[in-house]
$ cat target-v2.txt   # compact mmCIF, C-alpha atoms and all ligand atoms
# COMPACT_ATOMS: atom_id res chain seq x y z
CA MET A 148 -8.58 -14.63 18.52
CA GLY A 149 -9.51 -11.00 17.94
CA ARG A 150 -11.70 -8.18 16.81
CA VAL A 151 -10.61 -5.55 14.29
CA LEU A 152 -12.03 -2.22 13.18
CA ILE A 153 -11.33 -1.75 9.45
CA ILE A 154 -11.65 1.83 8.21
CA GLY A 155 -12.37 2.38 4.48
CA CYS A 156 -14.29 0.19 2.07
CA GLY A 157 -12.67 0.76 -1.33
CA GLY A 158 -10.66 -1.49 -3.64
CA VAL A 159 -7.91 -2.47 -1.18
CA ALA A 160 -10.27 -2.83 1.79
CA SER A 161 -12.56 -5.15 -0.17
CA VAL A 162 -9.66 -7.61 -0.61
CA ALA A 163 -8.31 -7.26 2.95
CA ILE A 164 -11.80 -7.77 4.42
CA GLN A 165 -12.47 -10.89 2.33
CA LYS A 166 -9.06 -12.28 3.31
CA CYS A 167 -9.81 -11.61 7.01
CA CYS A 168 -13.04 -13.53 6.51
CA GLN A 169 -11.11 -16.49 5.04
CA ASN A 170 -9.06 -16.40 8.26
CA SER A 171 -11.86 -16.47 10.86
CA GLU A 172 -9.77 -18.19 13.51
CA VAL A 173 -7.74 -14.99 13.82
CA PHE A 174 -10.37 -12.46 12.71
CA GLU A 175 -13.33 -13.58 14.82
CA GLU A 176 -15.11 -10.24 14.48
CA ILE A 177 -14.64 -7.26 12.18
CA CYS A 178 -16.39 -3.92 11.93
CA ILE A 179 -16.21 -2.25 8.48
CA ALA A 180 -16.50 1.51 8.94
CA SER A 181 -16.35 4.03 6.13
CA ARG A 182 -17.67 7.34 4.86
CA THR A 183 -20.27 5.67 2.62
CA VAL A 184 -21.86 3.01 4.82
CA SER A 185 -23.88 1.52 1.92
CA LYS A 186 -20.60 0.17 0.46
CA CYS A 187 -19.82 -1.53 3.80
CA ASP A 188 -23.32 -3.02 3.94
CA ALA A 189 -23.07 -4.29 0.34
CA LEU A 190 -19.74 -6.01 1.04
CA LYS A 191 -21.10 -7.50 4.27
CA ALA A 192 -24.13 -8.88 2.38
CA LYS A 193 -21.84 -10.42 -0.26
CA ILE A 194 -19.63 -12.33 2.20
CA GLU A 195 -21.41 -12.88 5.52
CA ASN A 196 -22.84 -16.27 4.56
CA THR A 197 -19.45 -17.56 3.46
CA THR A 198 -17.52 -16.94 6.70
CA LYS A 199 -17.52 -17.55 10.44
CA THR A 200 -16.23 -14.02 11.03
CA LYS A 201 -18.93 -11.86 12.58
CA ILE A 202 -19.25 -8.69 10.49
CA THR A 203 -20.80 -5.39 11.56
CA THR A 204 -20.71 -2.04 9.76
CA ALA A 205 -20.68 1.62 10.77
CA GLN A 206 -20.74 5.05 9.15
CA LEU A 207 -17.57 6.98 9.99
CA ASP A 208 -15.93 10.24 8.99
CA ALA A 209 -12.29 9.38 9.65
CA ASP A 210 -11.23 13.02 9.30
CA ASN A 211 -12.78 13.51 12.73
CA THR A 212 -10.72 12.09 15.62
CA ASP A 213 -13.57 12.33 18.14
CA ASP A 214 -15.86 10.25 15.91
CA ILE A 215 -13.16 7.57 15.57
CA ILE A 216 -12.59 7.55 19.35
CA ALA A 217 -16.34 7.16 19.94
CA LEU A 218 -16.53 4.19 17.54
CA ILE A 219 -13.44 2.52 19.07
CA ASN A 220 -14.88 2.95 22.57
CA GLU A 221 -18.16 1.42 21.44
CA TYR A 222 -16.72 -1.50 19.39
CA LYS A 223 -13.59 -2.09 21.52
CA PRO A 224 -11.35 -3.57 18.78
CA ASP A 225 -7.94 -5.12 19.49
CA ALA A 226 -6.53 -3.28 16.45
CA VAL A 227 -7.54 -0.71 13.83
CA LEU A 228 -6.66 -1.42 10.18
CA ASN A 229 -6.64 1.88 8.27
CA LEU A 230 -7.57 1.33 4.59
CA ALA A 231 -9.00 4.79 3.98
CA LEU A 232 -6.73 7.36 2.31
CA PRO A 233 -3.32 8.69 3.44
CA TYR A 234 -5.05 11.93 4.52
CA GLN A 235 -6.69 10.09 7.45
CA ASP A 236 -3.52 8.48 8.92
CA LEU A 237 -2.95 11.03 11.68
CA THR A 238 -6.56 11.38 12.87
CA ILE A 239 -6.74 7.57 13.13
CA MET A 240 -3.37 7.35 14.92
CA ASP A 241 -4.56 10.02 17.38
CA ALA A 242 -7.70 7.98 18.08
CA CYS A 243 -5.63 4.80 18.57
CA LEU A 244 -3.40 6.64 21.06
CA ALA A 245 -6.38 8.00 22.99
CA THR A 246 -7.92 4.52 23.26
CA LYS A 247 -4.66 2.47 23.50
CA THR A 248 -5.44 0.42 20.38
CA HIS A 249 -2.93 -1.06 17.91
CA TYR A 250 -2.74 0.61 14.46
CA ILE A 251 -1.88 -0.73 10.96
CA ASP A 252 -1.95 1.11 7.60
CA THR A 253 -0.73 0.72 4.00
CA ALA A 254 0.38 4.23 2.98
CA ASN A 255 2.17 7.10 4.70
CA TYR A 256 0.50 10.36 5.68
CA GLU A 257 0.02 13.01 3.04
CA PRO A 258 -1.48 16.45 3.73
CA LYS A 259 -4.40 17.19 1.39
CA ASP A 260 -3.05 20.53 0.22
CA THR A 261 0.56 19.48 -0.58
CA ALA A 262 1.44 16.56 -2.86
CA LYS A 263 4.21 15.43 -0.53
CA PHE A 264 4.53 12.15 1.29
CA GLU A 265 7.11 11.37 3.94
CA TYR A 266 7.27 9.49 7.23
CA SER A 267 8.24 12.38 9.53
CA TRP A 268 4.64 13.04 10.62
CA GLN A 269 4.02 9.42 11.62
CA TRP A 270 7.50 8.76 13.06
CA ALA A 271 6.80 11.68 15.42
CA TYR A 272 4.35 9.33 17.24
CA ARG A 273 7.07 6.81 18.22
CA GLU A 274 7.53 7.82 21.85
CA ARG A 275 3.81 8.27 22.48
CA PHE A 276 2.97 4.81 21.07
CA LYS A 277 5.80 3.29 23.13
CA GLU A 278 4.59 4.96 26.32
CA ALA A 279 1.00 3.87 25.62
CA GLY A 280 2.23 0.26 25.13
CA ILE A 281 0.69 -0.02 21.64
CA THR A 282 2.05 -0.91 18.21
CA ALA A 283 1.77 1.01 14.94
CA ILE A 284 2.76 -0.82 11.75
CA LEU A 285 3.30 1.57 8.84
CA GLY A 286 2.87 0.56 5.21
CA SER A 287 1.60 -3.03 5.28
CA GLY A 288 0.71 -3.18 1.57
CA PHE A 289 2.90 -4.48 -1.26
CA ASP A 290 5.12 -1.48 -1.89
CA PRO A 291 5.66 -0.39 0.80
CA GLY A 292 5.04 -3.56 2.74
CA VAL A 293 6.09 -6.76 1.03
CA THR A 294 9.09 -4.96 -0.51
CA SER A 295 10.14 -3.94 3.03
CA VAL A 296 9.70 -7.52 4.31
CA PHE A 297 11.66 -8.84 1.28
CA SER A 298 14.51 -6.49 2.27
CA ALA A 299 14.53 -7.70 5.88
CA TYR A 300 14.38 -11.33 4.71
CA ALA A 301 17.26 -10.87 2.25
CA LEU A 302 19.36 -9.27 4.99
CA LYS A 303 18.50 -11.96 7.54
CA HIS A 304 19.05 -15.02 5.31
CA HIS A 305 21.21 -14.09 2.32
CA PHE A 306 23.58 -11.20 3.05
CA ASP A 307 26.02 -9.88 5.62
CA GLU A 308 25.59 -6.47 3.98
CA ILE A 309 23.20 -5.16 1.30
CA ASN A 310 24.66 -2.31 -0.78
CA TYR A 311 22.12 -1.81 -3.58
CA ILE A 312 18.37 -2.30 -3.78
CA ASP A 313 16.30 -1.81 -6.94
CA ILE A 314 12.56 -2.15 -6.35
CA LEU A 315 10.76 -3.03 -9.58
CA ASP A 316 6.98 -2.65 -9.76
CA CYS A 317 5.59 -4.02 -13.01
CA ASN A 318 1.91 -4.05 -13.88
CA GLY A 319 1.61 -6.03 -17.11
CA GLY A 320 -2.20 -5.89 -16.87
CA ASP A 321 -4.45 -4.46 -19.57
CA HIS A 322 -7.93 -3.12 -18.67
CA GLY A 323 -8.79 -1.99 -22.18
CA TYR A 324 -9.38 1.68 -21.25
CA PRO A 325 -7.13 4.34 -22.84
CA PHE A 326 -6.56 5.78 -19.33
CA ALA A 327 -7.46 4.50 -15.85
CA THR A 328 -5.56 4.10 -12.58
CA ASN A 329 -5.30 0.85 -10.63
CA PHE A 330 -5.84 2.37 -7.22
CA ASN A 331 -7.36 5.61 -5.98
CA PRO A 332 -6.82 7.99 -8.98
CA GLU A 333 -6.16 11.06 -6.83
CA ILE A 334 -3.43 9.37 -4.78
CA ASN A 335 -1.99 7.58 -7.83
CA ILE A 336 -1.71 10.73 -9.98
CA ARG A 337 -0.22 12.76 -7.11
CA GLU A 338 2.43 10.03 -6.80
CA VAL A 339 3.39 9.67 -10.47
CA SER A 340 3.32 13.37 -11.39
CA ALA A 341 5.68 14.28 -8.53
CA LYS A 342 9.46 14.65 -9.04
CA GLY A 343 11.39 11.38 -8.92
CA SER A 344 14.18 10.70 -6.46
CA TYR A 345 16.55 8.02 -5.31
CA TRP A 346 18.92 7.62 -2.42
CA GLU A 347 22.67 7.35 -3.04
CA ASN A 348 25.66 7.50 -0.71
CA GLY A 349 23.71 9.21 2.06
CA TYR A 350 21.95 11.79 -0.13
CA TRP A 351 18.69 12.16 -2.03
CA VAL A 352 19.11 12.70 -5.78
CA GLU A 353 16.10 14.44 -7.32
CA THR A 354 14.97 13.91 -10.94
CA GLU A 355 12.25 15.40 -13.13
CA PRO A 356 9.06 13.26 -13.27
CA MET A 357 9.68 10.20 -15.52
CA GLU A 358 13.18 11.48 -16.42
CA ILE A 359 14.93 8.12 -15.92
CA LYS A 360 13.68 5.26 -18.07
CA ARG A 361 14.86 1.65 -18.26
CA VAL A 362 13.61 -1.44 -20.08
CA TYR A 363 13.35 -4.69 -18.12
CA ASN A 364 12.35 -8.23 -19.04
CA PHE A 365 9.99 -9.38 -16.26
CA ASP A 366 9.40 -13.06 -15.51
CA GLU A 367 5.92 -14.17 -16.74
CA VAL A 368 5.20 -10.67 -18.12
CA GLY A 369 7.90 -9.84 -20.68
CA GLU A 370 9.73 -6.66 -21.63
CA LYS A 371 8.34 -3.37 -20.25
CA ASP A 372 9.38 0.28 -20.04
CA MET A 373 9.84 1.38 -16.44
CA TYR A 374 10.49 4.81 -14.91
CA LEU A 375 12.21 5.93 -11.73
CA LEU A 376 9.80 7.38 -9.12
CA HIS A 377 10.11 8.55 -5.56
CA HIS A 378 8.48 5.95 -3.33
CA GLU A 379 7.90 5.93 0.39
CA GLU A 380 9.75 2.75 1.37
CA ILE A 381 13.05 4.21 0.09
CA GLU A 382 12.97 6.65 2.99
CA SER A 383 12.76 4.03 5.73
CA LEU A 384 14.96 1.40 4.02
CA ALA A 385 17.75 4.00 3.68
CA LEU A 386 17.77 4.23 7.49
CA ASN A 387 17.08 0.62 8.39
CA ILE A 388 19.33 -1.39 6.04
CA PRO A 389 22.92 -1.08 7.30
CA GLY A 390 25.63 -0.65 4.63
CA ILE A 391 23.18 0.52 1.96
CA LYS A 392 24.69 2.68 -0.80
CA ARG A 393 21.82 3.14 -3.24
CA ILE A 394 18.05 2.48 -3.39
CA ARG A 395 15.94 3.12 -6.46
CA PHE A 396 12.28 2.47 -7.27
CA PHE A 397 10.99 1.82 -10.80
CA MET A 398 7.40 1.42 -11.99
CA THR A 399 6.21 0.34 -15.44
CA PHE A 400 3.92 2.57 -17.49
CA GLY A 401 2.55 2.08 -21.00
CA GLN A 402 2.83 4.81 -23.61
CA SER A 403 -0.94 5.46 -23.64
CA TYR A 404 -0.96 6.12 -19.86
CA LEU A 405 1.98 8.53 -20.16
CA THR A 406 0.53 10.41 -23.15
CA HIS A 407 -2.82 10.88 -21.37
CA LEU A 408 -1.11 11.94 -18.14
CA LYS A 409 1.02 14.54 -19.94
CA CYS A 410 -2.03 15.94 -21.72
CA LEU A 411 -4.06 16.09 -18.47
CA GLU A 412 -1.12 17.83 -16.75
CA ASN A 413 -0.72 20.30 -19.62
CA VAL A 414 -4.36 21.37 -19.41
CA GLY A 415 -4.26 21.69 -15.61
CA MET A 416 -6.46 18.71 -14.74
CA THR A 417 -3.94 17.13 -12.33
CA SER A 418 -3.59 20.31 -10.24
CA ILE A 419 -4.50 20.26 -6.53
CA GLU A 420 -4.87 24.06 -6.40
CA PRO A 421 -8.56 24.96 -5.87
CA ILE A 422 -10.29 26.85 -8.72
CA MET A 423 -13.74 28.50 -8.94
CA PHE A 424 -16.18 26.69 -11.24
CA GLU A 425 -19.72 28.04 -11.65
CA GLY A 426 -19.58 29.72 -8.25
CA LYS A 427 -18.20 26.66 -6.43
CA GLU A 428 -14.62 25.92 -5.43
CA ILE A 429 -13.35 22.66 -6.93
CA ILE A 430 -9.98 20.89 -7.07
CA PRO A 431 -9.24 19.82 -10.68
CA LEU A 432 -7.65 16.48 -9.64
CA GLN A 433 -10.69 15.58 -7.52
CA PHE A 434 -12.97 16.39 -10.47
CA LEU A 435 -10.79 14.22 -12.71
CA LYS A 436 -11.11 11.36 -10.19
CA ALA A 437 -14.90 11.63 -10.48
CA VAL A 438 -14.86 11.13 -14.27
CA LEU A 439 -12.25 8.34 -14.40
CA PRO A 440 -13.19 4.65 -14.09
CA ASP A 441 -13.45 3.48 -10.46
CA PRO A 442 -10.42 1.19 -9.88
CA ALA A 443 -12.76 -1.27 -8.13
CA SER A 444 -14.61 -1.69 -11.47
CA LEU A 445 -11.48 -2.76 -13.41
CA GLY A 446 -11.49 -6.34 -12.08
CA PRO A 447 -13.60 -8.05 -14.74
CA ARG A 448 -11.81 -6.28 -17.62
CA THR A 449 -8.18 -6.62 -16.57
CA VAL A 450 -6.04 -9.40 -18.03
CA GLY A 451 -2.33 -10.06 -17.54
CA LYS A 452 -0.03 -10.21 -14.54
CA THR A 453 1.85 -8.05 -12.07
CA ASN A 454 5.45 -8.76 -11.11
CA ILE A 455 6.74 -6.77 -8.11
CA GLY A 456 9.96 -7.36 -6.22
CA CYS A 457 13.45 -6.29 -5.20
CA ILE A 458 16.89 -6.94 -6.65
CA PHE A 459 19.55 -6.94 -3.93
CA GLN A 460 23.31 -6.66 -4.42
CA GLY A 461 25.71 -6.99 -1.51
CA LYS A 462 28.16 -9.26 0.23
CA LYS A 463 27.99 -12.67 1.89
CA ASP A 464 31.08 -14.28 3.50
CA GLY A 465 33.28 -11.67 1.81
CA LYS A 466 31.92 -12.43 -1.71
CA GLU A 467 29.72 -10.27 -3.97
CA LYS A 468 26.18 -11.63 -4.20
CA THR A 469 22.99 -10.81 -6.14
CA TYR A 470 19.48 -11.94 -5.18
CA TYR A 471 16.03 -11.17 -6.63
CA LEU A 472 12.82 -11.76 -4.65
CA TYR A 473 9.48 -11.15 -6.37
CA ASN A 474 5.85 -12.11 -6.63
CA VAL A 475 3.83 -12.66 -9.80
CA CYS A 476 0.09 -12.15 -9.51
CA ASP A 477 -2.53 -12.81 -12.19
CA HIS A 478 -5.34 -10.22 -12.51
CA GLN A 479 -7.93 -12.77 -13.65
CA GLU A 480 -7.08 -15.24 -10.88
CA CYS A 481 -7.62 -12.44 -8.32
CA TYR A 482 -10.91 -11.58 -9.96
CA LYS A 483 -12.05 -15.21 -9.86
CA GLU A 484 -11.20 -15.51 -6.16
CA LEU A 485 -12.39 -12.16 -4.78
CA GLY A 486 -13.83 -10.03 -7.62
CA SER A 487 -10.81 -7.65 -7.58
CA GLN A 488 -7.88 -6.82 -9.84
CA ALA A 489 -4.30 -7.64 -8.80
CA ILE A 490 -3.29 -4.18 -7.53
CA SER A 491 -6.00 -4.22 -4.86
CA TYR A 492 -5.23 -7.89 -4.21
CA THR A 493 -1.47 -7.43 -3.78
CA THR A 494 -2.15 -4.60 -1.29
CA GLY A 495 -5.10 -6.12 0.59
CA VAL A 496 -3.47 -9.48 1.35
CA PRO A 497 -0.40 -7.95 3.12
CA ALA A 498 -2.73 -5.60 5.04
CA MET A 499 -4.51 -8.67 6.43
CA ILE A 500 -1.19 -10.42 7.16
CA GLY A 501 0.32 -7.45 9.05
CA THR A 502 -2.84 -7.17 11.16
CA MET A 503 -2.83 -10.92 11.82
CA LEU A 504 0.78 -10.80 13.08
CA VAL A 505 -0.12 -7.99 15.49
CA LEU A 506 -3.17 -9.91 16.76
CA LYS A 507 -1.10 -13.08 17.19
CA GLY A 508 1.45 -11.12 19.22
CA LEU A 509 4.26 -11.90 16.73
CA TRP A 510 4.58 -8.27 15.65
CA ASN A 511 3.36 -6.75 18.85
CA LYS A 512 6.02 -4.32 20.02
CA PRO A 513 5.20 -0.91 21.53
CA GLY A 514 6.23 1.92 19.21
CA VAL A 515 5.91 2.87 15.52
CA TYR A 516 7.58 0.57 12.97
CA ASN A 517 8.15 0.13 9.27
CA LEU A 518 7.90 -3.48 8.20
CA GLU A 519 11.63 -4.07 7.63
CA GLU A 520 12.19 -3.45 11.36
CA LEU A 521 10.23 -6.61 12.30
CA ASP A 522 10.94 -10.34 11.91
CA PRO A 523 10.24 -11.12 8.23
CA ASP A 524 9.88 -14.92 8.59
CA PRO A 525 6.23 -15.23 9.72
CA PHE A 526 5.19 -12.67 7.09
CA MET A 527 7.06 -14.53 4.30
CA GLU A 528 5.39 -17.79 5.34
CA ALA A 529 1.96 -16.13 5.39
CA LEU A 530 2.48 -14.67 1.87
CA ASN A 531 2.80 -18.21 0.50
CA LYS A 532 -0.26 -19.35 2.43
CA TRP A 533 -2.61 -16.44 1.68
CA GLY A 534 -2.22 -16.00 -2.08
CA LEU A 535 1.02 -14.12 -2.78
CA PRO A 536 3.71 -16.81 -3.16
CA TRP A 537 7.18 -15.44 -3.78
CA LYS A 538 9.87 -16.54 -6.21
CA GLU A 539 13.63 -16.06 -6.00
CA SER A 540 16.49 -15.85 -8.45
CA PHE A 541 20.24 -15.85 -7.73
CA ASN A 542 21.31 -14.69 -11.17
CA PRO A 543 18.85 -11.95 -12.22
CA GLU A 544 19.19 -9.39 -15.01
CA LEU A 545 20.45 -6.18 -13.33
CA VAL A 546 19.24 -2.63 -13.94
CA ASP A 547 22.02 -0.27 -15.12
P1 LIG B 601 -10.31 3.77 -2.57
O1 LIG B 601 -10.50 5.18 -2.98
O2 LIG B 601 -10.85 2.67 -3.43
O3 LIG B 601 -10.92 3.54 -1.09
C1 LIG B 601 -10.74 4.46 -0.06
C2 LIG B 601 -11.85 4.22 0.95
O4 LIG B 601 -11.66 5.12 2.05
C3 LIG B 601 -13.25 4.49 0.39
O5 LIG B 601 -14.12 3.51 0.89
C4 LIG B 601 -13.57 5.87 0.98
O6 LIG B 601 -14.94 6.12 1.18
C5 LIG B 601 -12.88 5.77 2.32
N1 LIG B 601 -12.66 7.11 2.85
C6 LIG B 601 -12.06 8.16 2.25
N2 LIG B 601 -12.08 9.23 3.06
C7 LIG B 601 -12.69 8.84 4.21
C8 LIG B 601 -13.02 9.49 5.42
N3 LIG B 601 -12.72 10.78 5.64
N4 LIG B 601 -13.66 8.78 6.38
C9 LIG B 601 -13.99 7.47 6.18
N5 LIG B 601 -13.70 6.81 5.06
C10 LIG B 601 -13.06 7.48 4.08
O7 LIG B 601 -8.74 3.59 -2.33
P2 LIG B 601 -7.89 2.24 -2.44
O8 LIG B 601 -8.65 1.14 -1.80
O9 LIG B 601 -7.40 2.11 -3.82
O10 LIG B 601 -6.62 2.61 -1.52
C11 LIG B 601 -6.70 2.52 -0.10
C12 LIG B 601 -5.35 2.84 0.51
O11 LIG B 601 -4.38 1.90 0.08
C13 LIG B 601 -4.80 4.22 0.12
O12 LIG B 601 -4.23 4.82 1.26
C14 LIG B 601 -3.71 3.89 -0.88
O13 LIG B 601 -2.70 4.87 -0.90
C15 LIG B 601 -3.20 2.59 -0.30
N6 LIG B 601 -2.46 1.76 -1.27
C16 LIG B 601 -1.28 1.19 -0.84
C17 LIG B 601 -0.55 0.39 -1.69
C18 LIG B 601 0.67 -0.31 -1.21
O14 LIG B 601 1.17 -1.20 -1.89
N7 LIG B 601 1.21 -0.02 -0.02
C19 LIG B 601 -0.96 0.16 -3.10
C20 LIG B 601 -2.27 0.72 -3.42
C21 LIG B 601 -2.96 1.51 -2.52
P3 LIG B 601 -15.95 6.48 -0.05
O15 LIG B 601 -16.38 5.15 -0.53
O16 LIG B 601 -17.02 7.28 0.58
O17 LIG B 601 -15.13 7.24 -1.06
$ encode --input "target-v2.txt" --output "structure tokens"
Amino acid sequence: MGRVLIIGCGGVASVAIQKCCQNSEVFEEICIASRTVSKCDALKAKIENTTKTKITTAQLDADNTDDIIALINEYKPDAVLNLALPYQDLTIMDACLATKTHYIDTANYEPKDTAKFEYSWQWAYRERFKEAGITAILGSGFDPGVTSVFSAYALKHHFDEINYIDILDCNGGDHGYPFATNFNPEINIREVSAKGSYWENGYWVETEPMEIKRVYNFDEVGEKDMYLLHHEEIESLALNIPGIKRIRFFMTFGQSYLTHLKCLENVGMTSIEPIMFEGKEIIPLQFLKAVLPDPASLGPRTVGKTNIGCIFQGKKDGKEKTYYLYNVCDHQECYKELGSQAISYTTGVPAMIGTMLVLKGLWNKPGVYNLEELDPDPFMEALNKWGLPWKESFNPELVD
């Protein structure tokens, strides 16, 4: 059916690429392009004899729009799947505009020098994508991504009006290290050390990092401490879910992770301000990333499950209603199937699904969209088929 250029070859990309290769009818050809081409070649060598998908590789610096344009013009993909870092979103969107190619990513743009993520930069492309007749799908991972699709599905099938959404992201996995992050350490630490916030009655309420704590009993995982964070899907859901009064996002963290993070913060290791070290300018957080375990290496050591989903409260036929949609994913099962842990798996599978729906023309609509703006049904069906089956509950424990 189509040909896709996939940019980035880290933990998430490794899963998305292998899933594309399980789905060769749709992904007939892929080109894996990243900064370190040896990683692309190694992944190609691992999977090319197991799939009908034709795989090529390329070296690419995705900070450079002209280089991306040149590669798109040479390879002529139907869509570009961006699985590099949030810093590259705009250069890749510019290249897609210049070549009239569809665009899909999993995380919103973040400038390198400010730990701040918001959609304004990417939403500013709406008119230009519409005029060019191409589609951009923003945030096709799990959260954002599946949580956005869950919200659209709940609204379409279970509610006349949704008033409250609590997104709960639980990682009950244990990798045995005192401190490691499950996806890119730099992006992860920027996210969790930022101030928290939630949306209520039309306003943002800001909190100190990790100020709000709750305990929740997760299906198939058990009781965990979870903390309120700012998270990117809150921003778009607040605009796209009519009647919404409050949206919060909670993520679980163990005490060891929090103690290490506090200590690293206190000594300045999580800072993104450049410092001079032995005559060379370095950024402490980037140095920290270099000494932490590579998230892609956690697969064989991680046991336990993730449980990520949304609790909705609202009204149906004039009556109050509560509904919980979630997915449980087992780290070891993911490792057995693809050699990855569940965080990469739960992000890589939706990245493949979003791209597939664009290629099939089901999510092909000129403009720039967050996932809750599109029909959730084909995505929900694909989650069950491609390894992330969802569960539902009509009487869940609520978060106070
Ligand atoms: P990794 O660090 O493992 O992989 C990033 C990849 O991008 C690496 O292959 C890296 O190359 C490549 N890359 C970085 N900069 C450039 C560049 N300038 N040009 C070309 N390639 C580049 O990250 P993850 O796989 O953990 O995360 C990937 C994305 O997924 C991130 O944007 C992250 O925020 C997002 N994410 C989204 C989630 C969701 O649920 N929505 C959850 C988890 C992650 P090199 O190998 O040379 O370093």
$ closest_atom_pairs --input "target-v2.txt" --of "chain A" --to "ligand LIG 601 (chain B)" --cutoff "7 Å" --atoms "only C-alpha atoms and all ligand atoms" --output "JSON lines"
{"residue": "A:Ile154", "atom": "CA", "partner": "B:LIG601", "partner_atom": "N5", "distance": 6.2}
{"residue": "A:Gly155", "atom": "CA", "partner": "B:LIG601", "partner_atom": "O4", "distance": 3.7}
{"residue": "A:Cys156", "atom": "CA", "partner": "B:LIG601", "partner_atom": "O5", "distance": 3.5}
{"residue": "A:Gly157", "atom": "CA", "partner": "B:LIG601", "partner_atom": "O3", "distance": 3.3}
{"residue": "A:Gly158", "atom": "CA", "partner": "B:LIG601", "partner_atom": "O8", "distance": 3.8}
{"residue": "A:Val159", "atom": "CA", "partner": "B:LIG601", "partner_atom": "O8", "distance": 3.7}
{"residue": "A:Ala160", "atom": "CA", "partner": "B:LIG601", "partner_atom": "O8", "distance": 5.6}
{"residue": "A:Ser181", "atom": "CA", "partner": "B:LIG601", "partner_atom": "N5", "distance": 4.0}
{"residue": "A:Arg182", "atom": "CA", "partner": "B:LIG601", "partner_atom": "C9", "distance": 3.9}
{"residue": "A:Thr183", "atom": "CA", "partner": "B:LIG601", "partner_atom": "O16", "distance": 4.2}
{"residue": "A:Lys186", "atom": "CA", "partner": "B:LIG601", "partner_atom": "O15", "distance": 6.6}
{"residue": "A:Leu207", "atom": "CA", "partner": "B:LIG601", "partner_atom": "C9", "distance": 5.3}
{"residue": "A:Asp208", "atom": "CA", "partner": "B:LIG601", "partner_atom": "N4", "distance": 3.8}
{"residue": "A:Ala209", "atom": "CA", "partner": "B:LIG601", "partner_atom": "N4", "distance": 3.6}
{"residue": "A:Asp210", "atom": "CA", "partner": "B:LIG601", "partner_atom": "N3", "distance": 4.5}
{"residue": "A:Leu230", "atom": "CA", "partner": "B:LIG601", "partner_atom": "C12", "distance": 4.9}
{"residue": "A:Ala231", "atom": "CA", "partner": "B:LIG601", "partner_atom": "O4", "distance": 3.3}
{"residue": "A:Leu232", "atom": "CA", "partner": "B:LIG601", "partner_atom": "O12", "distance": 3.7}
{"residue": "A:Pro233", "atom": "CA", "partner": "B:LIG601", "partner_atom": "O12", "distance": 4.5}
{"residue": "A:Gln235", "atom": "CA", "partner": "B:LIG601", "partner_atom": "N3", "distance": 6.3}
{"residue": "A:Thr253", "atom": "CA", "partner": "B:LIG601", "partner_atom": "N7", "distance": 4.5}
{"residue": "A:Ala254", "atom": "CA", "partner": "B:LIG601", "partner_atom": "O12", "distance": 5.0}
{"residue": "A:Gly286", "atom": "CA", "partner": "B:LIG601", "partner_atom": "N7", "distance": 5.5}
{"residue": "A:Ser287", "atom": "CA", "partner": "B:LIG601", "partner_atom": "N7", "distance": 6.1}
{"residue": "A:Gly288", "atom": "CA", "partner": "B:LIG601", "partner_atom": "N7", "distance": 3.6}
{"residue": "A:Phe289", "atom": "CA", "partner": "B:LIG601", "partner_atom": "O14", "distance": 3.8}
{"residue": "A:Asp290", "atom": "CA", "partner": "B:LIG601", "partner_atom": "O14", "distance": 4.0}
{"residue": "A:Pro291", "atom": "CA", "partner": "B:LIG601", "partner_atom": "N7", "distance": 4.5}
{"residue": "A:Gly292", "atom": "CA", "partner": "B:LIG601", "partner_atom": "N7", "distance": 5.9}
{"residue": "A:Phe330", "atom": "CA", "partner": "B:LIG601", "partner_atom": "O9", "distance": 3.7}
{"residue": "A:Asn331", "atom": "CA", "partner": "B:LIG601", "partner_atom": "O9", "distance": 4.1}
{"residue": "A:Ile334", "atom": "CA", "partner": "B:LIG601", "partner_atom": "O13", "distance": 6.0}
{"residue": "A:Pro442", "atom": "CA", "partner": "B:LIG601", "partner_atom": "O2", "distance": 6.6}
{"residue": "A:Ala443", "atom": "CA", "partner": "B:LIG601", "partner_atom": "O2", "distance": 6.4}
{"residue": "A:Ile490", "atom": "CA", "partner": "B:LIG601", "partner_atom": "C20", "distance": 6.5}
{"residue": "A:Ser491", "atom": "CA", "partner": "B:LIG601", "partner_atom": "C20", "distance": 6.4}
{"residue": "A:Thr494", "atom": "CA", "partner": "B:LIG601", "partner_atom": "O14", "distance": 4.8}
$ residues_around --input "target-v2.txt" --residues "Arg395 of chain A" --least-positions-apart "3" --cutoff "9 Å" --atoms "all atoms listed in the file" --output "list in words"
Tyr311, Ile312, Asp313, Ile314, Leu315, Ser344, Tyr345, Trp346, Glu347, Leu375, Leu376, His377, His378 and Ile381 of chain A
$ atom_distance --input "target-v2.txt" --atom1 "atom CA of Val293 of chain A" --atom2 "atom CA of Asn170 of chain A"
19.4 Å
$ closest_residue --input "target-v2.txt" --among "A:Thr238, A:Ser418, A:Thr493, A:Ser185" --to "Leu530 of chain A" --atoms "only C-alpha atoms"
A:Thr493
$ closest_residue --input "target-v2.txt" --among "A:Pro523, A:Thr453, A:Asp464, A:Gly446" --to "Leu535 of chain A" --atoms "all atoms listed in the file"
A:Thr453
$ closest_residue --input "target-v2.txt" --among "A:Lys201, A:Arg150, A:Lys371, A:Arg448" --to "Gly401 of chain A" --atoms "all atoms listed in the file"
A:Lys371
$ closest_residue --input "target-v2.txt" --among "A:Glu467, A:Asp477, A:Asp236, A:Glu176" --to "Gly451 of chain A" --atoms "all atoms listed in the file"
A:Asp477
$ residues_around --input "target-v2.txt" --residues "Pro543 of chain A" --least-positions-apart "3" --cutoff "12 Å" --atoms "all atoms listed in the file" --output "VMD selection string"
chain A and resid 313 363 to 366 456 to 460 468 to 473 538 to 540 546
